[in-house]
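Asks: Please find query.txt (compact mmCIF, C-alpha atoms and all ligand atoms) on the next line:
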```txt
# COMPACT_ATOMS: atom_id res chain seq x y z
CA MET A 1 2.76 -5.28 55.79
CA ILE A 2 1.59 -5.47 52.19
CA SER A 3 2.16 -2.60 49.78
CA ASP A 4 -0.33 0.26 49.38
CA LYS A 5 -0.84 -0.77 45.77
CA MET A 6 -1.66 -4.35 46.73
CA SER A 7 -3.95 -3.18 49.56
CA LYS A 8 -6.02 -1.32 47.00
CA LEU A 9 -6.09 -4.34 44.68
CA LEU A 10 -7.13 -6.54 47.58
CA GLU A 11 -10.00 -4.17 48.35
CA ARG A 12 -11.11 -4.21 44.72
CA SER A 13 -10.93 -8.00 44.62
CA ALA A 14 -13.11 -8.20 47.71
CA ALA A 15 -16.28 -8.45 45.61
CA MET A 16 -14.93 -11.53 43.85
CA SER A 17 -13.77 -13.16 47.09
CA ALA A 18 -17.15 -12.31 48.62
CA MET A 19 -18.81 -14.16 45.75
CA TYR A 20 -16.76 -17.32 46.42
CA THR A 21 -17.47 -17.09 50.14
CA GLU A 22 -21.15 -16.47 49.56
CA SER A 23 -21.36 -19.37 47.13
CA ALA A 24 -19.62 -21.72 49.60
CA ARG A 25 -21.84 -20.50 52.45
CA MET A 26 -25.03 -20.98 50.47
CA LYS A 27 -23.98 -24.45 49.28
CA GLU A 28 -23.25 -25.41 52.89
CA GLN A 29 -26.60 -24.06 54.06
CA TYR A 30 -28.91 -25.30 51.26
CA GLY A 31 -26.94 -28.19 49.72
CA VAL A 32 -24.89 -27.95 46.53
CA GLU A 33 -27.77 -29.09 44.30
CA ASN A 34 -30.03 -26.31 45.60
CA VAL A 35 -27.69 -23.43 44.75
CA TYR A 36 -27.63 -22.27 41.12
CA ASP A 37 -24.17 -20.90 40.68
CA PHE A 38 -23.62 -19.08 37.36
CA GLY A 39 -20.81 -16.97 38.78
CA MET A 40 -17.64 -18.42 37.31
CA GLY A 41 -16.47 -19.33 33.83
CA ASN A 42 -15.14 -22.67 35.03
CA PRO A 43 -16.02 -25.24 32.33
CA ASN A 44 -18.47 -27.89 33.47
CA LEU A 45 -17.20 -30.33 30.83
CA ALA A 46 -14.31 -32.65 31.62
CA ALA A 47 -11.25 -32.52 29.38
CA PRO A 48 -11.51 -35.01 26.47
CA ASP A 49 -10.17 -38.54 27.18
CA SER A 50 -7.48 -37.91 24.59
CA ILE A 51 -5.78 -35.50 27.03
CA ARG A 52 -5.14 -38.33 29.47
CA GLU A 53 -4.12 -40.72 26.68
CA VAL A 54 -1.69 -38.30 25.04
CA SER A 55 -0.32 -37.20 28.43
CA ILE A 56 0.53 -40.82 29.26
CA LYS A 57 2.06 -41.34 25.82
CA VAL A 58 4.19 -38.21 26.16
CA LEU A 59 5.28 -39.19 29.67
CA ASN A 60 6.17 -42.71 28.52
CA GLU A 61 7.91 -41.71 25.34
CA THR A 62 9.80 -38.54 26.25
CA ASP A 63 13.17 -38.48 27.96
CA PRO A 64 12.40 -37.09 31.44
CA TRP A 65 15.58 -35.01 31.33
CA TYR A 66 14.15 -33.26 28.33
CA LEU A 67 10.52 -33.06 29.42
CA HIS A 68 10.94 -31.77 32.96
CA HIS A 69 13.92 -29.47 32.68
CA TYR A 70 14.37 -25.80 31.86
CA MET A 71 13.88 -25.10 28.19
CA PRO A 72 13.93 -22.06 25.89
CA ASN A 73 11.61 -19.45 27.45
CA ASN A 74 9.35 -19.44 24.40
CA GLY A 75 8.72 -23.19 24.69
CA PHE A 76 9.48 -26.50 23.02
CA VAL A 77 10.22 -26.12 19.30
CA GLU A 78 8.09 -29.14 18.35
CA ALA A 79 5.06 -27.73 20.21
CA ARG A 80 5.42 -24.37 18.47
CA GLU A 81 5.88 -26.07 15.13
CA LYS A 82 2.68 -28.11 15.44
CA ILE A 83 0.70 -25.05 16.46
CA ALA A 84 2.20 -22.94 13.65
CA ASN A 85 1.31 -25.65 11.11
CA SER A 86 -2.24 -25.83 12.42
CA LEU A 87 -2.71 -22.04 12.21
CA ASN A 88 -1.18 -22.02 8.71
CA ARG A 89 -3.62 -24.67 7.56
CA ARG A 90 -6.68 -23.14 9.23
CA PHE A 91 -6.05 -19.45 8.60
CA GLY A 92 -3.69 -19.37 5.64
CA GLU A 93 -0.83 -17.98 7.71
CA ASN A 94 2.81 -18.49 6.96
CA TYR A 95 4.01 -19.00 10.52
CA GLY A 96 7.20 -20.75 11.54
CA VAL A 97 8.25 -21.65 15.07
CA ASP A 98 9.42 -18.09 15.73
CA ASN A 99 5.89 -16.79 15.31
CA ILE A 100 4.57 -18.79 18.27
CA MET A 101 5.30 -18.24 21.98
CA MET A 102 4.01 -20.84 24.41
CA CYS A 103 2.59 -19.13 27.49
CA VAL A 104 0.92 -19.70 30.83
CA GLY A 105 -2.67 -19.41 29.65
CA ALA A 106 -3.98 -16.39 27.77
CA ALA A 107 -3.65 -14.43 31.02
CA GLY A 108 0.09 -15.16 31.26
CA GLY A 109 0.59 -14.36 27.59
CA ILE A 110 -1.26 -11.04 27.71
CA ASN A 111 0.59 -9.93 30.84
CA CYS A 112 3.97 -10.72 29.25
CA LEU A 113 2.94 -8.90 26.11
CA LEU A 114 1.81 -5.80 27.99
CA LYS A 115 5.10 -5.78 29.87
CA VAL A 116 6.86 -5.82 26.52
CA LEU A 117 4.75 -3.17 24.80
CA MET A 118 3.71 -0.66 27.42
CA ASP A 119 5.57 2.21 29.03
CA PRO A 120 4.12 3.60 32.28
CA GLY A 121 1.42 6.18 31.63
CA GLN A 122 0.45 4.86 28.21
CA GLU A 123 -3.08 3.70 27.50
CA ILE A 124 -4.64 0.38 26.63
CA LEU A 125 -8.03 0.58 24.97
CA THR A 126 -10.74 -2.03 25.17
CA PHE A 127 -14.45 -2.23 24.41
CA ALA A 128 -17.04 -2.38 27.18
CA PRO A 129 -18.26 -4.75 28.36
CA TYR A 130 -14.88 -6.39 28.87
CA PHE A 131 -13.19 -9.11 30.92
CA GLY A 132 -12.75 -7.39 34.30
CA GLU A 133 -9.18 -8.63 34.81
CA TYR A 134 -7.98 -6.30 32.02
CA ASP A 135 -8.05 -3.45 34.56
CA ARG A 136 -5.59 -5.33 36.73
CA TYR A 137 -3.41 -6.31 33.77
CA ALA A 138 -3.14 -2.62 32.82
CA ASP A 139 -2.33 -1.73 36.41
CA ASN A 140 0.43 -4.38 36.46
CA VAL A 141 2.31 -2.29 33.88
CA ASN A 142 1.36 1.07 35.46
CA CYS A 143 -0.90 1.96 32.56
CA THR A 144 -4.56 2.84 32.38
CA LEU A 145 -7.25 0.81 30.70
CA LYS A 146 -9.73 2.98 28.83
CA ALA A 147 -13.00 1.40 27.75
CA VAL A 148 -14.85 2.44 24.63
CA PRO A 149 -18.52 2.69 25.73
CA PRO A 150 -20.76 -0.30 25.00
CA ASN A 151 -22.61 -0.25 21.71
CA LEU A 152 -26.17 -1.25 22.58
CA PRO A 153 -28.06 -3.36 21.88
CA THR A 154 -25.74 -5.51 19.71
CA PHE A 155 -22.50 -5.13 21.70
CA GLN A 156 -20.57 -5.07 18.41
CA PRO A 157 -17.75 -2.53 19.03
CA ASP A 158 -18.46 0.89 17.54
CA PRO A 159 -15.54 2.10 15.37
CA VAL A 160 -16.74 5.72 15.53
CA GLU A 161 -16.51 5.67 19.31
CA LEU A 162 -13.15 3.92 19.05
CA ALA A 163 -11.81 6.73 16.88
CA LYS A 164 -12.85 9.25 19.55
CA CYS A 165 -11.03 7.32 22.28
CA VAL A 166 -7.64 6.69 20.61
CA THR A 167 -5.04 9.23 21.68
CA GLU A 168 -1.33 9.67 21.20
CA LYS A 169 -0.86 7.65 24.38
CA THR A 170 -2.70 4.60 23.00
CA LYS A 171 -0.21 1.82 22.46
CA ALA A 172 -2.43 -1.25 22.56
CA VAL A 173 -6.03 -2.21 21.93
CA LEU A 174 -7.28 -5.32 23.67
CA ILE A 175 -10.26 -7.10 22.16
CA ASN A 176 -11.85 -10.37 23.19
CA ASN A 177 -13.61 -12.42 20.57
CA PRO A 178 -15.92 -14.34 21.21
CA ASN A 179 -16.66 -12.05 24.05
CA ASN A 180 -16.75 -12.58 27.78
CA PRO A 181 -19.27 -11.45 29.15
CA THR A 182 -21.71 -11.06 26.22
CA GLY A 183 -21.09 -14.18 24.12
CA VAL A 184 -21.14 -11.87 21.09
CA VAL A 185 -18.84 -12.75 18.18
CA TYR A 186 -17.34 -9.62 16.65
CA SER A 187 -18.11 -9.76 12.93
CA ALA A 188 -15.70 -9.41 10.00
CA GLU A 189 -17.32 -6.04 9.27
CA THR A 190 -16.63 -4.84 12.83
CA LEU A 191 -13.02 -6.06 12.77
CA LYS A 192 -12.40 -4.44 9.39
CA ALA A 193 -13.77 -1.14 10.70
CA ILE A 194 -11.60 -1.36 13.85
CA ALA A 195 -8.56 -2.03 11.64
CA GLU A 196 -9.30 1.00 9.47
CA VAL A 197 -9.54 3.29 12.50
CA LEU A 198 -6.30 1.96 13.97
CA GLU A 199 -4.40 2.21 10.68
CA ALA A 200 -5.47 5.85 10.35
CA LYS A 201 -4.46 6.55 13.95
CA GLU A 202 -1.07 4.87 13.46
CA LYS A 203 -0.45 7.26 10.57
CA GLU A 204 -1.72 10.27 12.51
CA PHE A 205 0.45 9.58 15.58
CA GLY A 206 3.42 8.05 13.78
CA HIS A 207 3.73 4.91 15.89
CA ALA A 208 2.39 1.37 15.93
CA ILE A 209 -0.80 0.59 17.81
CA TYR A 210 -0.82 -3.10 18.63
CA LEU A 211 -4.07 -5.02 18.68
CA ILE A 212 -4.14 -7.92 21.11
CA SER A 213 -6.88 -10.35 20.19
CA ASP A 214 -7.74 -12.41 23.26
CA GLU A 215 -9.33 -15.60 21.94
CA PRO A 216 -9.73 -18.31 24.58
CA TYR A 217 -13.24 -19.03 23.28
CA ARG A 218 -12.37 -19.12 19.55
CA GLU A 219 -13.86 -22.58 18.91
CA LEU A 220 -16.79 -22.33 21.32
CA VAL A 221 -19.26 -21.06 18.74
CA PHE A 222 -22.81 -22.00 17.75
CA ASP A 223 -25.13 -22.01 14.74
CA GLY A 224 -22.20 -22.46 12.34
CA VAL A 225 -20.74 -19.04 13.21
CA LYS A 226 -17.03 -18.60 12.44
CA VAL A 227 -14.80 -16.23 14.36
CA PRO A 228 -12.97 -14.04 11.83
CA TRP A 229 -9.18 -14.16 12.04
CA MET A 230 -8.06 -10.72 13.19
CA PRO A 231 -4.58 -10.81 11.54
CA ASP A 232 -6.42 -10.91 8.17
CA PHE A 233 -7.64 -7.39 8.86
CA TYR A 234 -4.86 -5.70 10.81
CA LYS A 235 -1.14 -6.29 10.43
CA ASN A 236 -0.12 -5.32 13.96
CA THR A 237 -2.24 -8.02 15.58
CA ILE A 238 -1.04 -10.44 18.22
CA VAL A 239 -3.40 -13.33 19.01
CA ALA A 240 -3.53 -14.62 22.58
CA TYR A 241 -4.95 -18.12 22.72
CA SER A 242 -5.60 -20.58 25.51
CA PHE A 243 -6.55 -24.24 25.89
CA SER A 244 -8.46 -23.44 29.11
CA LYS A 245 -11.86 -23.57 27.42
CA SER A 246 -11.45 -25.46 24.12
CA LEU A 247 -10.01 -28.45 25.99
CA SER A 248 -11.41 -27.64 29.47
CA LEU A 249 -7.94 -27.27 30.96
CA PRO A 250 -8.05 -24.01 32.94
CA GLY A 251 -5.96 -25.50 35.75
CA ASP A 252 -3.19 -26.62 33.40
CA ARG A 253 -2.27 -23.03 32.50
CA ILE A 254 -1.36 -23.39 28.87
CA GLY A 255 -1.81 -21.22 25.80
CA TYR A 256 0.19 -19.37 23.18
CA LEU A 257 0.77 -16.03 21.50
CA ALA A 258 0.82 -15.91 17.70
CA LEU A 259 2.13 -12.99 15.66
CA GLY A 260 3.11 -12.54 12.05
CA SER A 261 6.64 -11.63 11.01
CA ASP A 262 5.26 -8.41 9.49
CA VAL A 263 4.10 -7.09 12.89
CA GLU A 264 6.08 -3.92 13.52
CA ASP A 265 9.23 -4.63 15.53
CA PHE A 266 8.52 -8.37 15.35
CA GLN A 267 12.04 -9.58 16.21
CA ASN A 268 12.27 -7.42 19.30
CA ILE A 269 8.78 -8.33 20.47
CA ILE A 270 9.49 -12.06 20.23
CA ALA A 271 12.83 -11.69 22.01
CA ALA A 272 11.33 -9.44 24.68
CA VAL A 273 8.34 -11.71 25.38
CA ALA A 274 10.79 -14.53 26.10
CA VAL A 275 12.57 -12.25 28.57
CA ALA A 276 9.27 -11.10 30.10
CA THR A 277 8.21 -14.73 30.56
CA ARG A 278 11.44 -15.34 32.45
CA ILE A 279 11.60 -12.27 34.62
CA MET A 280 7.93 -12.39 35.56
CA GLY A 281 8.69 -15.77 37.06
CA PHE A 282 6.85 -18.01 34.60
CA ILE A 283 10.21 -19.06 33.04
CA ASN A 284 8.31 -21.14 30.48
CA ALA A 285 4.85 -22.62 29.97
CA PRO A 286 4.35 -26.06 31.61
CA GLY A 287 6.36 -28.56 29.54
CA LEU A 288 4.06 -31.60 29.56
CA GLN A 289 1.05 -29.45 28.69
CA GLN A 290 2.90 -27.86 25.79
CA LEU A 291 3.54 -31.21 24.14
CA VAL A 292 0.07 -32.59 24.88
CA CYS A 293 -1.85 -29.53 23.72
CA ALA A 294 0.25 -29.07 20.60
CA GLU A 295 -0.60 -32.66 19.66
CA LEU A 296 -4.29 -32.00 20.37
CA CYS A 297 -4.48 -28.39 19.22
CA GLU A 298 -7.42 -29.13 16.94
CA GLU A 299 -9.39 -31.24 19.46
CA LEU A 300 -12.43 -29.75 21.11
CA VAL A 301 -14.77 -30.44 24.00
CA ASP A 302 -18.35 -31.27 23.08
CA VAL A 303 -19.59 -27.77 22.20
CA SER A 304 -23.14 -29.12 21.70
CA PHE A 305 -23.35 -29.39 25.51
CA TYR A 306 -22.95 -25.62 25.87
CA ASP A 307 -25.27 -25.09 22.93
CA ARG A 308 -28.08 -27.04 24.62
CA ASN A 309 -27.59 -24.98 27.80
CA ARG A 310 -27.64 -21.80 25.74
CA GLU A 311 -30.87 -22.67 23.95
CA ARG A 312 -32.70 -23.77 27.08
CA LEU A 313 -31.68 -20.78 29.16
CA TYR A 314 -32.02 -18.14 26.47
CA ASN A 315 -35.48 -19.28 25.30
CA ALA A 316 -36.80 -19.46 28.85
CA LEU A 317 -35.43 -16.04 29.82
CA ILE A 318 -36.88 -14.39 26.72
CA GLU A 319 -40.23 -16.05 27.45
CA TYR A 320 -40.15 -14.53 30.97
CA GLY A 321 -39.65 -11.07 29.44
CA TYR A 322 -35.88 -10.55 29.79
CA GLU A 323 -33.79 -8.81 27.13
CA CYS A 324 -30.55 -10.38 26.03
CA VAL A 325 -28.45 -10.67 22.87
CA LYS A 326 -28.49 -14.31 21.88
CA PRO A 327 -24.89 -15.40 22.39
CA GLU A 328 -23.11 -16.89 19.39
CA GLY A 329 -19.99 -17.95 21.23
CA ALA A 330 -18.25 -18.59 24.58
CA PHE A 331 -20.53 -19.74 27.39
CA TYR A 332 -21.87 -16.49 28.79
CA MET A 333 -25.12 -14.61 28.49
CA PHE A 334 -25.36 -10.90 29.32
CA LEU A 335 -28.83 -10.23 30.62
CA LYS A 336 -30.35 -6.76 30.85
CA THR A 337 -31.60 -6.46 34.39
CA PRO A 338 -35.22 -5.38 34.85
CA THR A 339 -33.85 -2.67 37.16
CA GLU A 340 -31.05 -0.20 36.42
CA ASP A 341 -29.34 -1.36 39.59
CA ASP A 342 -27.60 -4.58 38.55
CA LYS A 343 -26.22 -5.06 42.07
CA ASP A 344 -29.74 -5.02 43.46
CA PHE A 345 -30.66 -7.74 40.96
CA VAL A 346 -27.61 -9.80 41.99
CA ASN A 347 -28.70 -9.56 45.64
CA LYS A 348 -32.34 -10.33 44.91
CA ALA A 349 -31.25 -13.34 42.81
CA LYS A 350 -29.50 -14.73 45.88
CA GLU A 351 -32.88 -14.94 47.60
CA HIS A 352 -33.67 -17.52 44.89
CA ARG A 353 -30.28 -19.15 45.45
CA ILE A 354 -29.11 -17.91 42.05
CA LEU A 355 -25.60 -16.51 41.74
CA VAL A 356 -24.78 -14.23 38.80
CA THR A 357 -22.18 -11.47 38.31
CA ALA A 358 -23.02 -7.76 38.14
CA GLY A 359 -22.35 -6.09 34.78
CA SER A 360 -20.61 -3.20 36.59
CA GLY A 361 -17.57 -5.47 37.00
CA PHE A 362 -17.37 -5.67 33.20
CA GLY A 363 -17.71 -1.92 32.68
CA CYS A 364 -21.40 -2.19 31.81
CA PRO A 365 -23.91 -1.61 34.62
CA GLY A 366 -27.56 -2.54 34.13
CA TYR A 367 -26.68 -6.10 33.10
CA VAL A 368 -25.64 -9.35 34.73
CA ARG A 369 -23.42 -12.09 33.37
CA ILE A 370 -24.66 -15.64 33.50
CA ALA A 371 -21.93 -18.24 33.01
CA TYR A 372 -23.93 -21.18 31.65
CA CYS A 373 -21.03 -23.65 31.64
CA VAL A 374 -22.99 -25.56 34.29
CA ALA A 375 -24.90 -28.84 34.62
CA PRO A 376 -28.29 -28.72 32.82
CA LYS A 377 -30.00 -29.38 36.16
CA THR A 378 -28.56 -26.09 37.47
CA ILE A 379 -30.40 -24.29 34.67
CA GLU A 380 -33.63 -26.21 35.31
CA GLY A 381 -33.40 -25.48 39.03
CA ALA A 382 -32.81 -21.77 38.45
CA LEU A 383 -35.58 -21.08 35.95
CA PRO A 384 -38.43 -20.63 38.49
CA GLY A 385 -36.20 -18.15 40.32
CA PHE A 386 -35.48 -16.14 37.16
CA LYS A 387 -39.21 -16.08 36.42
CA ALA A 388 -40.05 -14.91 39.94
CA LEU A 389 -37.38 -12.19 39.73
CA MET A 390 -38.91 -10.77 36.56
CA GLU A 391 -42.37 -10.80 38.13
CA TYR A 392 -41.01 -9.09 41.24
CA TYR A 393 -39.47 -6.22 39.24
CA LYS A 394 -42.51 -5.88 36.97
CA ASN A 395 -44.80 -5.45 39.97
CA LYS A 396 -42.44 -3.23 41.96
N1 LIG A 401 -9.40 -13.71 28.66
C1 LIG A 401 -10.71 -13.92 28.82
C2 LIG A 401 -11.67 -13.11 28.05
C3 LIG A 401 -11.17 -14.90 29.73
O1 LIG A 401 -12.48 -15.07 29.87
C4 LIG A 401 -10.22 -15.63 30.46
C5 LIG A 401 -10.66 -16.61 31.44
O2 LIG A 401 -11.79 -16.78 31.78
C6 LIG A 401 -8.87 -15.37 30.25
C7 LIG A 401 -8.49 -14.41 29.34
C8 LIG A 401 -7.81 -16.11 30.98
O3 LIG A 401 -7.71 -17.38 30.46
P1 LIG A 401 -6.51 -18.36 30.78
O4 LIG A 401 -7.06 -19.42 31.67
O5 LIG A 401 -6.12 -18.86 29.47
O6 LIG A 401 -5.44 -17.57 31.40
```
Let me see whether you can do it: turn the structure in this file into structure tokens.
Replies:
Amino acid sequence: MISDKMSKLLERSAAMSAMYTESARMKEQYGVENVYDFGMGNPNLAAPDSIREVSIKVLNETDPWYLHHYMPNNGFVEAREKIANSLNRRFGENYGVDNIMMCVGAAGGINCLLKVLMDPGQEILTFAPYFGEYDRYADNVNCTLKAVPPNLPTFQPDPVELAKCVTEKTKAVLINNPNNPTGVVYSAETLKAIAEVLEAKEKEFGHAIYLISDEPYRELVFDGVKVPWMPDFYKNTIVAYSFSKSLSLPGDRIGYLALGSDVEDFQNIIAAVAVATRIMGFINAPGLQQLVCAELCEELVDVSFYDRNRERLYNALIEYGYECVKPEGAFYMFLKTPTEDDKDFVNKAKEHRILVTAGSGFGCPGYVRIAYCVAPKTIEGALPGFKALMEYYKNK
């Protein structure tokens, strides 16, 4: 028999499993090309050819005893060095190998970090709408996730609301930039204001408040937008990065944590994350992927593909009368539903063979997330359905 805690988690995950099942059922019934599935953030682009080429080179040129065996829990030194050098060059950091921890995707890194930072009963703050898995990550360390209410209509976090939400129990703040589900890029002004609030609260409560900046979409940006580098604004920042999206490698489970030596309790955090990686059963990030991704850490999938999808979908939806912030990053759009009941919209959309995710799952009802990392023909096929849905709600 599974634990009570896991039973509850299983129940809560039922909506997600139901979505997979529903998607598979509909594809079986109508044919894959007739179902417009915008449910998952699974990149539609293949990994660049260089991944295969460098993987073969690494396999051919590296001693298998070295490549495939246990290694230091924080990863291969040469992988960490290449990544540190790249971050130093791009963001003016002064990182050495000790400032980088290779991890099992951003998800693995954040979970290790929370295990290191959080005592049971403490609070993690985030900004709604937020990546729904954060609830589970907080639960993994017996802490609560508190969401600062969404700041409409821009979805830029509101520092005044943040200040109201921070308490003595707040140990970590988890932000995601560019944002899943809105595609909004938090501006330098926003990040500066967040930093000012947290610095004041650190003084007030007399302990560090760590900011975890979850950045798997850092390079997926449009219109020349740049994602500000959070450590420039706030000393106690730890960046969680992943190659899942920039190189379309979500199945390879590879990313890293980056933190400056001036982060409070740096030495202990680095040592403890290595232990957390081990005792949570990851042991280390996948070895081959570490060496390949470090070599290619400045490569990128063809972002113009997502940009074309974004333009086509956004312009059409606005023309039909929908409201939506034009995303500047990631590959999601967060659409205001023409009814307050986002779940009703999700169900109605299925009648048009369109699958989208209810905003409630991201702490923001009244919206749906559209993951537009799909084939352009999926967008073209779905547009008449989106138009019909708007007409249906207008005439209701
Ligand atoms: N954080 C956010 C905001 C995400 O959207 C995702 C994946 O979709 C993750 C973390 C997990 O990414 P990874 O595959 O690197 O674990």
Asks: Measuring atom to atom with all atoms listed in the file, identify which of A:Tyr95, A:Met333, A:Lys235, A:Glu391 is nearest to Phe38 (chain A).
Replies: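 Of all the options, A:Met333 lies closest to Phe38 (chain A).
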Asks: Give me the chain A side of the contact with ligand LIG 401 (chain A), cut-off 10 Å, one line per residue showing its nearest atom pair and distance in Å at one decimal, counting only C-alpha atoms and all ligand atoms, sorted by chain and residue number, as a Markdown table.
Replies:
```
| residue | atom | partner | partner_atom | distance |
| --- | --- | --- | --- | --- |
| A:Met40 | CA | A:LIG401 | O2 | 8.2 |
| A:Gly41 | CA | A:LIG401 | O2 | 5.7 |
| A:Asn42 | CA | A:LIG401 | O2 | 7.5 |
| A:Pro43 | CA | A:LIG401 | O2 | 9.5 |
| A:Cys103 | CA | A:LIG401 | O5 | 8.9 |
| A:Val104 | CA | A:LIG401 | O6 | 6.7 |
| A:Gly105 | CA | A:LIG401 | O5 | 3.5 |
| A:Ala106 | CA | A:LIG401 | O5 | 3.7 |
| A:Ala107 | CA | A:LIG401 | O6 | 3.6 |
| A:Gly108 | CA | A:LIG401 | O6 | 6.0 |
| A:Gly109 | CA | A:LIG401 | O6 | 7.8 |
| A:Ile110 | CA | A:LIG401 | C7 | 8.1 |
| A:Asn111 | CA | A:LIG401 | O6 | 9.7 |
| A:Tyr130 | CA | A:LIG401 | C2 | 7.5 |
| A:Phe131 | CA | A:LIG401 | C2 | 5.2 |
| A:Gly132 | CA | A:LIG401 | C2 | 8.5 |
| A:Glu133 | CA | A:LIG401 | N1 | 8.0 |
| A:Tyr134 | CA | A:LIG401 | N1 | 8.3 |
| A:Leu174 | CA | A:LIG401 | C2 | 10.0 |
| A:Ile175 | CA | A:LIG401 | C2 | 8.5 |
| A:Asn176 | CA | A:LIG401 | C2 | 5.6 |
| A:Asn177 | CA | A:LIG401 | C2 | 7.8 |
| A:Pro178 | CA | A:LIG401 | C2 | 8.1 |
| A:Asn179 | CA | A:LIG401 | C2 | 6.5 |
| A:Asn180 | CA | A:LIG401 | C2 | 5.1 |
| A:Pro181 | CA | A:LIG401 | O1 | 7.7 |
| A:Ser213 | CA | A:LIG401 | N1 | 9.5 |
| A:Asp214 | CA | A:LIG401 | N1 | 5.8 |
| A:Glu215 | CA | A:LIG401 | N1 | 7.0 |
| A:Pro216 | CA | A:LIG401 | O5 | 6.1 |
| A:Tyr217 | CA | A:LIG401 | O1 | 7.7 |
| A:Ala240 | CA | A:LIG401 | C7 | 8.4 |
| A:Tyr241 | CA | A:LIG401 | O5 | 6.9 |
| A:Ser242 | CA | A:LIG401 | O5 | 4.3 |
| A:Phe243 | CA | A:LIG401 | O5 | 6.5 |
| A:Ser244 | CA | A:LIG401 | O4 | 5.0 |
| A:Lys245 | CA | A:LIG401 | O4 | 7.6 |
| A:Ser248 | CA | A:LIG401 | O4 | 9.6 |
| A:Leu249 | CA | A:LIG401 | O4 | 7.9 |
| A:Pro250 | CA | A:LIG401 | O4 | 4.9 |
| A:Gly251 | CA | A:LIG401 | O4 | 7.4 |
| A:Asp252 | CA | A:LIG401 | O4 | 8.4 |
| A:Arg253 | CA | A:LIG401 | O4 | 6.1 |
| A:Ile254 | CA | A:LIG401 | O5 | 6.6 |
| A:Gly255 | CA | A:LIG401 | O5 | 6.1 |
| A:Tyr256 | CA | A:LIG401 | O5 | 8.9 |
| A:Ala330 | CA | A:LIG401 | O1 | 8.6 |
| A:Phe331 | CA | A:LIG401 | O1 | 9.6 |
| A:Tyr332 | CA | A:LIG401 | O1 | 9.6 |
```
Asks: Do a neighbour search on Leu117 (chain A) at 8 Å with all atoms listed in the file, toss out local chain neighbours closer than 2 positions, and write the hits as a PyMOL selection string.
Replies: chain A and resi 113-115+119+171-172+269
Asks: Please compute the CA of Met1 (chain A)-CA of Met280 (chain A) distance, one decimal, in Å.
Replies: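 Computing it gives 22.1 Å between the two atoms.
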Asks: Using only C-alpha atoms for the distances, tell me which of A:Ser304, A:Asn94, A:Thr337, A:Ser13 is nearest to Leu45 (chain A).
Replies: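 Going through A:Ser304, A:Asn94, A:Thr337, A:Ser13 one by one, the smallest distance to Leu45 (chain A) is for A:Ser304.
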Asks: Give me, please, the distance in Å between CA of Tyr322 (chain A) and CA of Val368 (chain A), quoted to one decimal.
Replies: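 Separation between CA of Tyr322 (chain A) and CA of Val368 (chain A): 11.4 Å.
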Asks: Extract, using all atoms listed in the file, all DNA, RNA and protein residues at most 8 Å from Val356 (chain A), discarding same-chain residues fewer than 2 positions from it, and format them as a list in words.
Replies: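 In the requested form, the answer reads Asp37, Phe38, Gly39, Val346, Ala349, Ile354, Ala358, Val368, Arg369, Ile370 and Ala371 of chain A.
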Asks: Could you state the separation of CA of Pro120 (chain A) and CA of Asn99 (chain A) in Å, given to one decimal place?
Replies: 26.6 Å
Asks: So which residues touch His69 (chain A) within 12 Å, counting only C-alpha atoms, skipping near sequence neighbours fewer than 6 positions away, as a PDB file with C-alpha atoms, in the frame of the given file?
Replies:
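Output below, filename out_10.pdb:
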```
ATOM      1  CA  THR A  62       9.800 -38.540  26.250  1.00  0.00           C
ATOM      2  CA  ASP A  63      13.170 -38.480  27.960  1.00  0.00           C
ATOM      3  CA  GLY A  75       8.720 -23.190  24.690  1.00  0.00           C
ATOM      4  CA  PHE A  76       9.480 -26.500  23.020  1.00  0.00           C
ATOM      5  CA  ILE A 283      10.210 -19.060  33.040  1.00  0.00           C
ATOM      6  CA  ASN A 284       8.310 -21.140  30.480  1.00  0.00           C
ATOM      7  CA  ALA A 285       4.850 -22.620  29.970  1.00  0.00           C
ATOM      8  CA  PRO A 286       4.350 -26.060  31.610  1.00  0.00           C
ATOM      9  CA  GLY A 287       6.360 -28.560  29.540  1.00  0.00           C
ATOM     10  CA  LEU A 288       4.060 -31.600  29.560  1.00  0.00           C
TER      11      LEU A 288
END
```
Asks: So, counting only C-alpha atoms, which residue among A:Val227, A:Val160, A:Val166, A:Ala294 is closest to Val185 (chain A)?
Replies: A:Val227
Asks: From the options A:Ile209, A:Val325, A:Val275, A:Ile238, which residue's atoms come nearest to Ile100 (chain A), counting all atoms listed in the file?
Replies: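 Under the stated criterion, the closest residue is A:Ile238.
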Asks: From the options A:Leu67, A:Leu220, A:Val116, A:Val77, which residue's atoms come nearest to Pro327 (chain A), counting all atoms listed in the file?
Replies: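 Residue with the minimum atom-to-atom distance to Pro327 (chain A): A:Leu220.
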Asks: Using only C-alpha atoms, collect all residues at a distance of at most 9 Å from (-0.8, -6.3, 16.7) as written in the file, then present them as a PyMOL selection string.
Replies: chain A and resi 172-173+208-213+231+234-239+259-260+263-264
Asks: Give me the residues within 12 Å of region 8-11 of chain A as number ranges by chain, counting all atoms listed in the file and dropping any in the same chain fewer than 2 places off.
Replies: A: 2-6, 13-18, 133, 135-137, 139-140
Asks: Give as a list of chain:residue names every residue, naming chains and numbers as the document does, that has an atom within 12 Å of (-5.9, 5.4, 11.3), counting only C-alpha atoms.
Replies: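 Taken together, the residues in range are A:Pro159, A:Val160, A:Leu162, A:Ala163, A:Lys164, A:Val166, A:Thr167, A:Glu168, A:Lys192, A:Ala193, A:Ile194, A:Ala195, A:Glu196, A:Val197, A:Leu198, A:Glu199, A:Ala200, A:Lys201, A:Glu202, A:Lys203, A:Glu204, A:Phe205, A:Gly206, A:His207, A:Ala208, A:Ile209, A:Tyr234.
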